[in-house]
file final-v3.cif (mmCIF, C-alpha atoms and all ligand atoms)
data_start
loop_
_atom_site.label_atom_id
_atom_site.label_comp_id
_atom_site.auth_asym_id
_atom_site.auth_seq_id
_atom_site.Cartn_x
_atom_site.Cartn_y
_atom_site.Cartn_z
CA MET A 19 117.65 85.21 108.90
CA ALA A 20 114.95 82.83 107.61
CA LYS A 21 116.23 79.61 106.05
CA ARG A 22 115.31 79.02 102.43
CA ILE A 23 113.77 75.73 101.41
CA LEU A 24 113.55 75.00 97.71
CA THR A 25 110.66 72.63 96.92
CA LEU A 26 110.97 70.74 93.64
CA ASN A 27 107.61 68.97 93.90
CA GLN A 28 104.30 69.77 95.48
CA ILE A 29 104.72 68.88 99.15
CA SER A 30 101.79 68.13 101.45
CA VAL A 31 100.70 71.18 103.45
CA LYS A 32 100.92 69.13 106.65
CA GLY A 33 104.66 68.76 106.02
CA LEU A 34 105.20 72.41 105.13
CA GLU A 35 103.42 73.41 108.35
CA ARG A 36 106.34 71.85 110.26
CA LEU A 37 108.57 74.64 108.92
CA PRO A 38 107.27 77.81 110.63
CA ARG A 39 106.96 80.84 108.36
CA ASP A 40 108.89 83.09 110.74
CA SER A 41 111.96 80.86 110.41
CA TYR A 42 111.58 79.42 106.90
CA GLU A 43 110.93 80.74 103.43
CA ILE A 44 109.57 78.04 101.13
CA ALA A 45 109.42 78.44 97.35
CA SER A 46 109.87 76.51 94.12
CA GLU A 47 112.58 78.92 92.96
CA PHE A 48 115.46 80.42 94.94
CA ALA A 49 118.89 81.68 93.96
CA HIS A 50 120.61 80.45 97.15
CA PRO A 51 118.50 77.86 98.98
CA ASP A 52 119.73 76.31 102.23
CA ALA A 53 118.00 73.01 101.55
CA ILE A 54 115.94 71.11 98.98
CA LEU A 55 112.70 69.28 99.73
CA LEU A 56 111.36 67.04 96.97
CA ARG A 57 109.36 63.94 96.10
CA SER A 58 109.94 62.27 92.72
CA HIS A 59 111.71 65.06 90.83
CA LYS A 60 114.77 63.51 89.13
CA LEU A 61 117.43 65.75 90.61
CA GLN A 62 120.58 66.28 88.57
CA ALA A 63 123.87 67.02 90.35
CA GLU A 64 124.28 70.29 88.46
CA GLU A 65 120.86 71.45 89.69
CA ILE A 66 122.06 71.53 93.29
CA PRO A 67 123.22 75.06 94.13
CA GLU A 68 126.43 75.54 96.11
CA SER A 69 124.44 76.98 99.01
CA VAL A 70 122.52 73.72 99.67
CA LEU A 71 123.31 72.11 103.04
CA GLY A 72 120.86 69.20 102.97
CA ILE A 73 118.28 67.45 100.77
CA ALA A 74 115.18 65.68 102.03
CA ARG A 75 112.93 63.34 100.07
CA ALA A 76 109.30 62.89 101.06
CA GLY A 77 109.42 59.25 100.04
CA ALA A 78 111.40 56.11 100.71
CA GLY A 79 113.65 55.50 97.69
CA VAL A 80 116.45 57.97 96.95
CA ASN A 81 117.22 56.75 93.43
CA ASN A 82 116.02 60.09 91.99
CA ILE A 83 118.80 61.90 93.89
CA PRO A 84 122.52 61.86 92.94
CA VAL A 85 123.51 60.50 96.36
CA VAL A 86 127.15 59.80 95.43
CA GLU A 87 127.66 63.38 94.27
CA CYS A 88 125.87 64.69 97.41
CA THR A 89 128.15 62.57 99.61
CA ARG A 90 131.19 63.89 97.77
CA ARG A 91 129.96 67.43 98.45
CA GLY A 92 129.12 66.64 102.09
CA ILE A 93 125.38 67.17 101.60
CA PRO A 94 123.28 64.76 103.68
CA VAL A 95 120.28 63.21 101.90
CA PHE A 96 117.31 62.36 104.10
CA ASN A 97 114.41 60.07 103.20
CA SER A 98 111.18 58.92 104.87
CA PRO A 99 111.45 55.17 105.40
CA GLY A 100 108.26 53.55 106.62
CA ALA A 101 106.13 56.69 106.22
CA ASN A 102 104.34 55.27 103.18
CA ALA A 103 104.65 51.59 104.11
CA ASN A 104 100.98 51.08 104.88
CA ALA A 105 99.91 52.58 101.55
CA VAL A 106 102.26 50.26 99.65
CA LYS A 107 101.14 47.27 101.69
CA GLU A 108 97.50 47.93 100.81
CA LEU A 109 98.34 48.13 97.10
CA VAL A 110 100.25 44.85 97.35
CA ALA A 111 97.07 43.31 98.80
CA ALA A 112 95.26 44.52 95.68
CA GLY A 113 98.08 43.11 93.53
CA LEU A 114 97.73 39.69 95.15
CA LEU A 115 93.98 39.70 94.53
CA LEU A 116 94.45 40.83 90.93
CA GLY A 117 96.92 37.98 90.49
CA SER A 118 94.66 35.33 91.97
CA ARG A 119 91.20 36.22 90.68
CA GLY A 120 89.81 37.08 87.27
CA ILE A 121 89.05 40.63 88.38
CA ILE A 122 90.59 42.55 85.49
CA GLU A 123 89.18 40.27 82.78
CA GLY A 124 85.81 40.30 84.56
CA LEU A 125 85.73 44.10 84.80
CA ASP A 126 86.69 44.44 81.13
CA TYR A 127 83.93 42.01 80.20
CA VAL A 128 81.33 43.89 82.27
CA ALA A 129 82.45 47.22 80.80
CA GLY A 130 81.77 45.72 77.36
CA LEU A 131 78.16 45.10 78.37
CA ALA A 132 77.43 48.81 78.76
CA GLY A 133 74.25 49.82 76.98
CA THR A 134 72.48 46.50 77.55
CA THR A 135 68.87 47.11 78.56
CA ASP A 136 67.56 43.53 78.62
CA ALA A 137 67.97 42.20 82.19
CA SER A 138 67.08 38.62 81.35
CA TRP A 139 69.54 38.51 78.44
CA LEU A 140 72.17 39.98 80.78
CA HIS A 141 71.53 37.23 83.32
CA GLN A 142 71.96 34.50 80.68
CA GLU A 143 75.03 36.17 79.28
CA LEU A 144 76.69 36.28 82.72
CA GLU A 145 75.79 32.66 83.45
CA ALA A 146 77.38 31.62 80.16
CA HIS A 147 80.59 33.60 80.63
CA LYS A 148 81.46 33.89 84.28
CA LYS A 149 83.24 30.52 84.41
CA GLN A 150 86.09 31.99 82.41
CA PHE A 151 86.84 34.46 85.23
CA LYS A 152 87.29 31.81 87.90
CA GLY A 153 90.41 32.26 90.05
CA SER A 154 91.96 30.61 93.06
CA GLU A 155 92.16 31.59 96.72
CA LEU A 156 95.16 33.06 98.46
CA ARG A 157 94.49 31.15 101.66
CA GLY A 158 96.90 28.22 101.90
CA LYS A 159 99.19 29.58 99.18
CA THR A 160 102.78 30.59 99.95
CA LEU A 161 103.99 34.17 99.68
CA GLY A 162 107.73 34.81 99.52
CA VAL A 163 108.62 38.27 100.80
CA VAL A 164 112.02 39.46 99.63
CA GLY A 165 113.13 42.33 101.86
CA LEU A 166 111.70 42.51 105.36
CA GLY A 167 112.05 46.22 106.06
CA ALA A 168 109.21 48.59 106.88
CA ILE A 169 107.11 47.59 103.86
CA GLY A 170 108.04 43.92 103.59
CA SER A 171 107.23 43.22 107.23
CA LEU A 172 103.79 44.84 106.91
CA VAL A 173 103.13 42.84 103.73
CA ALA A 174 104.13 39.63 105.55
CA ASP A 175 101.63 40.37 108.35
CA MET A 176 98.87 41.23 105.90
CA ALA A 177 99.41 37.96 104.01
CA LEU A 178 99.24 35.98 107.27
CA THR A 179 95.84 37.52 108.02
CA MET A 180 94.69 36.27 104.60
CA GLY A 181 95.67 32.74 105.60
CA MET A 182 98.78 32.59 103.43
CA GLU A 183 101.98 30.83 104.45
CA VAL A 184 104.77 33.41 104.49
CA ILE A 185 108.47 32.87 103.84
CA GLY A 186 110.73 35.88 104.27
CA TYR A 187 114.24 36.64 103.14
CA ASP A 188 116.41 39.56 104.12
CA PRO A 189 120.18 39.25 104.40
CA ALA A 190 120.31 42.48 106.41
CA LEU A 191 117.30 42.17 108.71
CA SER A 192 117.30 45.14 111.07
CA VAL A 193 116.63 44.62 114.77
CA ASP A 194 113.51 46.83 114.49
CA ALA A 195 112.12 44.82 111.60
CA ALA A 196 112.91 41.54 113.36
CA TRP A 197 110.88 42.72 116.37
CA ARG A 198 107.98 43.74 114.13
CA LEU A 199 107.85 40.41 112.31
CA SER A 200 105.36 37.79 113.35
CA SER A 201 106.88 34.54 114.55
CA GLN A 202 104.77 32.85 111.87
CA VAL A 203 106.98 34.28 109.12
CA ARG A 204 109.46 31.54 108.28
CA LYS A 205 112.91 32.79 107.34
CA ALA A 206 114.65 31.36 104.30
CA ASP A 207 118.44 31.13 104.23
CA THR A 208 118.75 31.87 100.54
CA LEU A 209 116.94 33.89 97.96
CA SER A 210 116.56 30.90 95.65
CA ALA A 211 114.82 28.98 98.47
CA VAL A 212 112.17 31.74 98.64
CA PHE A 213 111.59 31.61 94.90
CA ALA A 214 111.49 27.80 94.85
CA ARG A 215 108.92 27.48 97.62
CA SER A 216 106.52 30.32 96.82
CA ASP A 217 103.37 30.59 94.74
CA TYR A 218 103.71 34.38 94.88
CA VAL A 219 106.93 36.34 95.39
CA THR A 220 106.82 40.01 96.33
CA LEU A 221 109.88 42.31 96.20
CA HIS A 222 110.51 45.00 98.80
CA LEU A 223 114.10 46.07 98.25
CA PRO A 224 115.75 49.39 97.41
CA VAL A 225 117.57 49.69 94.11
CA LEU A 226 121.30 49.41 94.79
CA ASP A 227 124.24 48.02 92.80
CA SER A 228 123.66 44.76 94.64
CA THR A 229 119.93 44.56 93.81
CA ARG A 230 119.90 45.82 90.20
CA GLY A 231 118.87 42.87 87.99
CA LEU A 232 118.79 40.64 91.08
CA VAL A 233 115.72 38.72 89.87
CA ASN A 234 117.33 36.94 86.94
CA SER A 235 116.62 33.86 84.85
CA GLU A 236 118.03 31.57 87.53
CA LEU A 237 115.65 32.83 90.22
CA LEU A 238 112.67 32.99 87.88
CA GLY A 239 113.48 29.46 86.70
CA ALA A 240 113.52 28.29 90.33
CA MET A 241 109.92 29.50 90.82
CA ARG A 242 107.06 27.05 90.90
CA PRO A 243 105.45 26.74 87.49
CA ASP A 244 102.40 28.98 87.51
CA GLY A 245 104.08 31.38 89.95
CA CYS A 246 103.33 35.04 90.17
CA LEU A 247 105.87 37.84 90.76
CA LEU A 248 104.92 41.15 92.35
CA ASN A 249 107.21 44.16 92.15
CA PHE A 250 106.08 47.23 94.05
CA ALA A 251 109.68 48.25 94.76
CA ARG A 252 111.68 49.35 91.69
CA GLN A 253 111.64 48.01 88.12
CA GLU A 254 115.47 47.83 87.99
CA ILE A 255 115.47 44.93 90.47
CA VAL A 256 114.03 42.60 87.82
CA ASP A 257 116.00 41.63 84.70
CA HIS A 258 113.36 42.30 82.04
CA ASP A 259 114.86 39.96 79.41
CA ALA A 260 114.68 37.10 81.89
CA LEU A 261 111.18 38.18 82.91
CA LEU A 262 109.91 38.21 79.31
CA ALA A 263 111.45 34.77 78.71
CA ALA A 264 109.74 33.37 81.82
CA LEU A 265 106.41 34.84 80.68
CA GLU A 266 106.84 33.59 77.11
CA THR A 267 107.42 30.01 78.23
CA GLY A 268 104.44 30.28 80.58
CA HIS A 269 106.66 29.35 83.56
CA LEU A 270 105.68 32.62 85.22
CA ARG A 271 101.92 33.04 85.19
CA LYS A 272 101.77 36.76 85.97
CA TYR A 273 103.97 39.76 86.66
CA ILE A 274 102.30 42.52 88.66
CA ALA A 275 104.23 45.75 89.03
CA ASP A 276 103.77 49.35 90.04
CA PHE A 277 105.44 50.92 87.01
CA PRO A 278 104.72 50.58 83.30
CA THR A 279 107.70 49.81 81.04
CA PRO A 280 107.34 49.89 77.24
CA GLU A 281 108.32 46.26 76.63
CA LEU A 282 105.64 45.00 79.03
CA LEU A 283 102.70 47.15 77.96
CA GLY A 284 99.72 45.38 76.41
CA ARG A 285 100.54 41.87 77.65
CA SER A 286 97.68 39.91 79.18
CA ASP A 287 100.07 38.15 81.59
CA VAL A 288 101.29 41.46 83.04
CA ILE A 289 99.40 43.90 85.27
CA LEU A 290 101.01 47.32 85.46
CA MET A 291 100.04 50.16 87.76
CA PRO A 292 101.22 53.78 87.28
CA HIS A 293 103.55 53.95 90.36
CA ILE A 294 100.76 54.66 92.82
CA GLY A 295 102.03 52.57 95.75
CA ALA A 296 102.52 55.65 97.92
CA SER A 297 99.78 57.76 96.34
CA THR A 298 97.41 58.19 99.25
CA ASP A 299 96.60 61.33 101.21
CA GLU A 300 97.92 59.70 104.35
CA ALA A 301 101.23 58.51 102.89
CA GLU A 302 101.93 61.88 101.26
CA GLU A 303 101.30 63.63 104.57
CA ASN A 304 103.38 61.16 106.59
CA CYS A 305 106.30 61.38 104.18
CA ALA A 306 106.18 65.19 104.02
CA ILE A 307 106.05 65.47 107.81
CA MET A 308 108.97 63.08 108.27
CA ALA A 309 111.07 64.80 105.61
CA ALA A 310 110.34 68.32 106.92
CA ASP A 311 111.03 67.33 110.54
CA GLN A 312 114.39 65.87 109.59
CA LEU A 313 115.34 68.91 107.57
CA ARG A 314 114.40 71.21 110.42
CA ASP A 315 116.29 69.16 112.98
CA PHE A 316 119.31 69.24 110.71
CA LEU A 317 119.18 72.94 109.87
CA GLU A 318 118.46 74.02 113.46
CA ASN A 319 120.42 71.45 115.50
CA GLY A 320 122.78 69.78 113.04
CA ASN A 321 121.15 66.39 113.72
CA ILE A 322 121.28 63.80 110.94
CA ARG A 323 118.67 61.04 110.83
CA ASN A 324 117.87 58.57 108.01
CA SER A 325 120.70 59.80 105.89
C1 LIG A 401 108.93 55.77 97.47
O1 LIG A 401 110.09 55.63 97.12
O2 LIG A 401 108.62 56.37 98.49
C2 LIG A 401 107.82 55.23 96.63
O3 LIG A 401 108.27 54.43 95.59
C3 LIG A 401 106.90 56.28 96.13
C4 LIG A 401 107.53 57.34 95.31
O4 LIG A 401 108.56 57.14 94.68
O5 LIG A 401 106.99 58.43 95.29
#
call {"tool": "encode", "arguments": {"input": "final-v3.cif", "output": "structure tokens"}}
result
Amino acid sequence: MAKRILTLNQISVKGLERLPRDSYEIASEFAHPDAILLRSHKLQAEEIPESVLGIARAGAGVNNIPVVECTRRGIPVFNSPGANANAVKELVAAGLLLGSRGIIEGLDYVAGLAGTTDASWLHQELEAHKKQFKGSELRGKTLGVVGLGAIGSLVADMALTMGMEVIGYDPALSVDAAWRLSSQVRKADTLSAVFARSDYVTLHLPVLDSTRGLVNSELLGAMRPDGCLLNFARQEIVDHDALLAALETGHLRKYIADFPTPELLGRSDVILMPHIGASTDEAEENCAIMAADQLRDFLENGNIRNS
């Protein structure tokens, strides 16, 4: 009998193709599904039918899945670590550039010039104003990378190619990640050492009890004045009261994150993106393929990977 896969988000066709139609029925509604395949749907424990044997997320973080309840019920939860790492890394590169150059202010200013027809006036106008959009270069600056997993290690390499000094910190560095890391990435022994020595700090950690609120007033206070914090991981890792205090005193120059939160909207010292780190065609395909392959291997052979 065909296995029933309940999809709770739109899943890339390339991933669904890994589940052959003669062996799998795939639909967004089923009374008794064998498995659930999802992306960012916030899954509630009571939404998981008794018949479900496994859950796969086409994405890295599993904080939208009630993992504790799944474990209690013996339901393995699979994710797709690394499958969207390149997409996130590229957005972090954009974040670094937005933090170092007057790109946003400059674009806003140019947008305000719409309708101008006088080229010579425009030239004079730009000459008079462009000084205010001056930034600084990334080359020679220090980037602290907190979390050296699939994403963090790619970010470290990218920053090296931009001529940045890179300090990394990961208390649980995997053997795979250690092999991937360039020897030019210096390892810090403590988290506070990374914050103290970096011009830019970028976070690449999952949200766990041990990482929730990890970036607190002490760490932010240890940062170089004029520092810049990038968070393309999860908003819960940063204590927002401490963050606002660091911004208010001007100790932190900019916070650049991939999720808008109400208390940060509208601030000129904050750049917020709408959680698009993994929103590329390639990342969605890679994640869907990885998630579907794991589900299939589990349902057909009982194998459990990335759970
Ligand atoms: C992930 O966990 O894979 C990324 O944050 C993207 C997402 O949540 O969709």
call {"tool": "closest_residue", "arguments": {"input": "final-v3.cif", "among": "A:Thr279, A:Ser69, A:Thr220, A:Asn304", "to": "ligand LIG 401 (chain A)", "atoms": "all atoms listed in the file"}}
result
A:Asn304
call {"tool": "residues_near_ligand", "arguments": {"input": "final-v3.cif", "ligand": "ligand LIG 401 (chain A)", "cutoff": "7 Å", "atoms": "only C-alpha atoms and all ligand atoms", "output": "VMD selection string"}}
result
chain A and resid 57 to 58 77 to 80 102 251 295 to 296
call {"tool": "atom_distance", "arguments": {"input": "final-v3.cif", "atom1": "CA of His258 in chain A", "atom2": "CA of Pro99 in chain A"}}
result
26.7 Å
call {"tool": "atom_distance", "arguments": {"input": "final-v3.cif", "atom1": "CA of Leu26 in chain A", "atom2": "CA of Glu47 in chain A"}}
result
8.4 Å
call {"tool": "residues_around", "arguments": {"input": "final-v3.cif", "residues": "Pro189 in chain A", "least_positions_apart": "6", "cutoff": "12 Å", "atoms": "all atoms listed in the file", "output": "list in words"}}
result
Val164, Gly165, Leu166, Gly167, Ala196, Lys205, Ala206, Asp207, Thr208, Leu209, Leu223, Ser228 and Thr229 of chain A
call {"tool": "closest_residue", "arguments": {"input": "final-v3.cif", "among": "A:Gly162, A:Pro67, A:Gly33, A:Pro292", "to": "Leu55 in chain A", "atoms": "only C-alpha atoms"}}
result
A:Gly33
call {"tool": "residues_around", "arguments": {"input": "final-v3.cif", "residues": "Tyr273 in chain A", "least_positions_apart": "2", "cutoff": "6 Å", "atoms": "only C-alpha atoms", "output": "list in words"}}
result
Cys246, Leu247, Leu248 and Val288 of chain A
call {"tool": "residues_around", "arguments": {"input": "final-v3.cif", "residues": "range 63-65 of chain A", "least_positions_apart": "3", "cutoff": "10 Å", "atoms": "only C-alpha atoms", "output": "list in words"}}
result
Lys60, Glu68, Ile83, Pro84, Val85, Val86, Glu87 and Cys88 of chain A
call {"tool": "residues_near_point", "arguments": {"input": "final-v3.cif", "point": "(112.6, 70.1, 103.0)", "cutoff": "10 Å", "atoms": "only C-alpha atoms", "output": "ChimeraX atom specification"}}
result
/A:22-26,29,33-34,36-37,44,52-57,72-76,96,306-314,317
call {"tool": "axis_aligned_box", "arguments": {"input": "final-v3.cif", "around": "range 91-95 of chain A", "padding_each_side": "6 Å", "output": "AutoDock Vina command-line options"}}
result
--center_x 125.1 --center_y 65.3 --center_z 101.1 --size_x 21.7 --size_y 16.2 --size_z 17.2
call {"tool": "closest_residue", "arguments": {"input": "final-v3.cif", "among": "A:Met291, A:Leu270, A:Leu71, A:Ile255", "to": "Arg242 in chain A", "atoms": "all atoms listed in the file"}}
result
A:Leu270
call {"tool": "atom_distance", "arguments": {"input": "final-v3.cif", "atom1": "CA of Asn82 in chain A", "atom2": "CA of Ala263 in chain A"}}
result
29.0 Å
call {"tool": "residues_around", "arguments": {"input": "final-v3.cif", "residues": "range 150-154 of chain A", "least_positions_apart": "5", "cutoff": "12 Å", "atoms": "only C-alpha atoms", "output": "count of residues only"}}
result
20
call {"tool": "closest_residue", "arguments": {"input": "final-v3.cif", "among": "A:Ala105, A:Ser138, A:Ser210, A:Val219", "to": "Leu172 in chain A", "atoms": "all atoms listed in the file"}}
result
A:Ala105
call {"tool": "residues_around", "arguments": {"input": "final-v3.cif", "residues": "range 201-203 of chain A", "least_positions_apart": "4", "cutoff": "9 Å", "atoms": "all atoms listed in the file", "output": "list in words"}}
result
Ala174, Asp175, Leu178, Glu183, Val184, Ile185 and Gly186 of chain A
call {"tool": "write_last_selection", "arguments": {"input": "final-v3.cif", "atoms": "C-alpha atoms", "output": "short mmCIF file (atom, residue, chain, number, x, y, z; two decimals), in the frame of the given file"}}
result
data_model
loop_
_atom_site.label_atom_id
_atom_site.label_comp_id
_atom_site.auth_asym_id
_atom_site.auth_seq_id
_atom_site.Cartn_x
_atom_site.Cartn_y
_atom_site.Cartn_z
CA ALA A 174 104.13 39.63 105.55
CA ASP A 175 101.63 40.37 108.35
CA LEU A 178 99.24 35.98 107.27
CA GLU A 183 101.98 30.83 104.45
CA VAL A 184 104.77 33.41 104.49
CA ILE A 185 108.47 32.87 103.84
CA GLY A 186 110.73 35.88 104.27
#
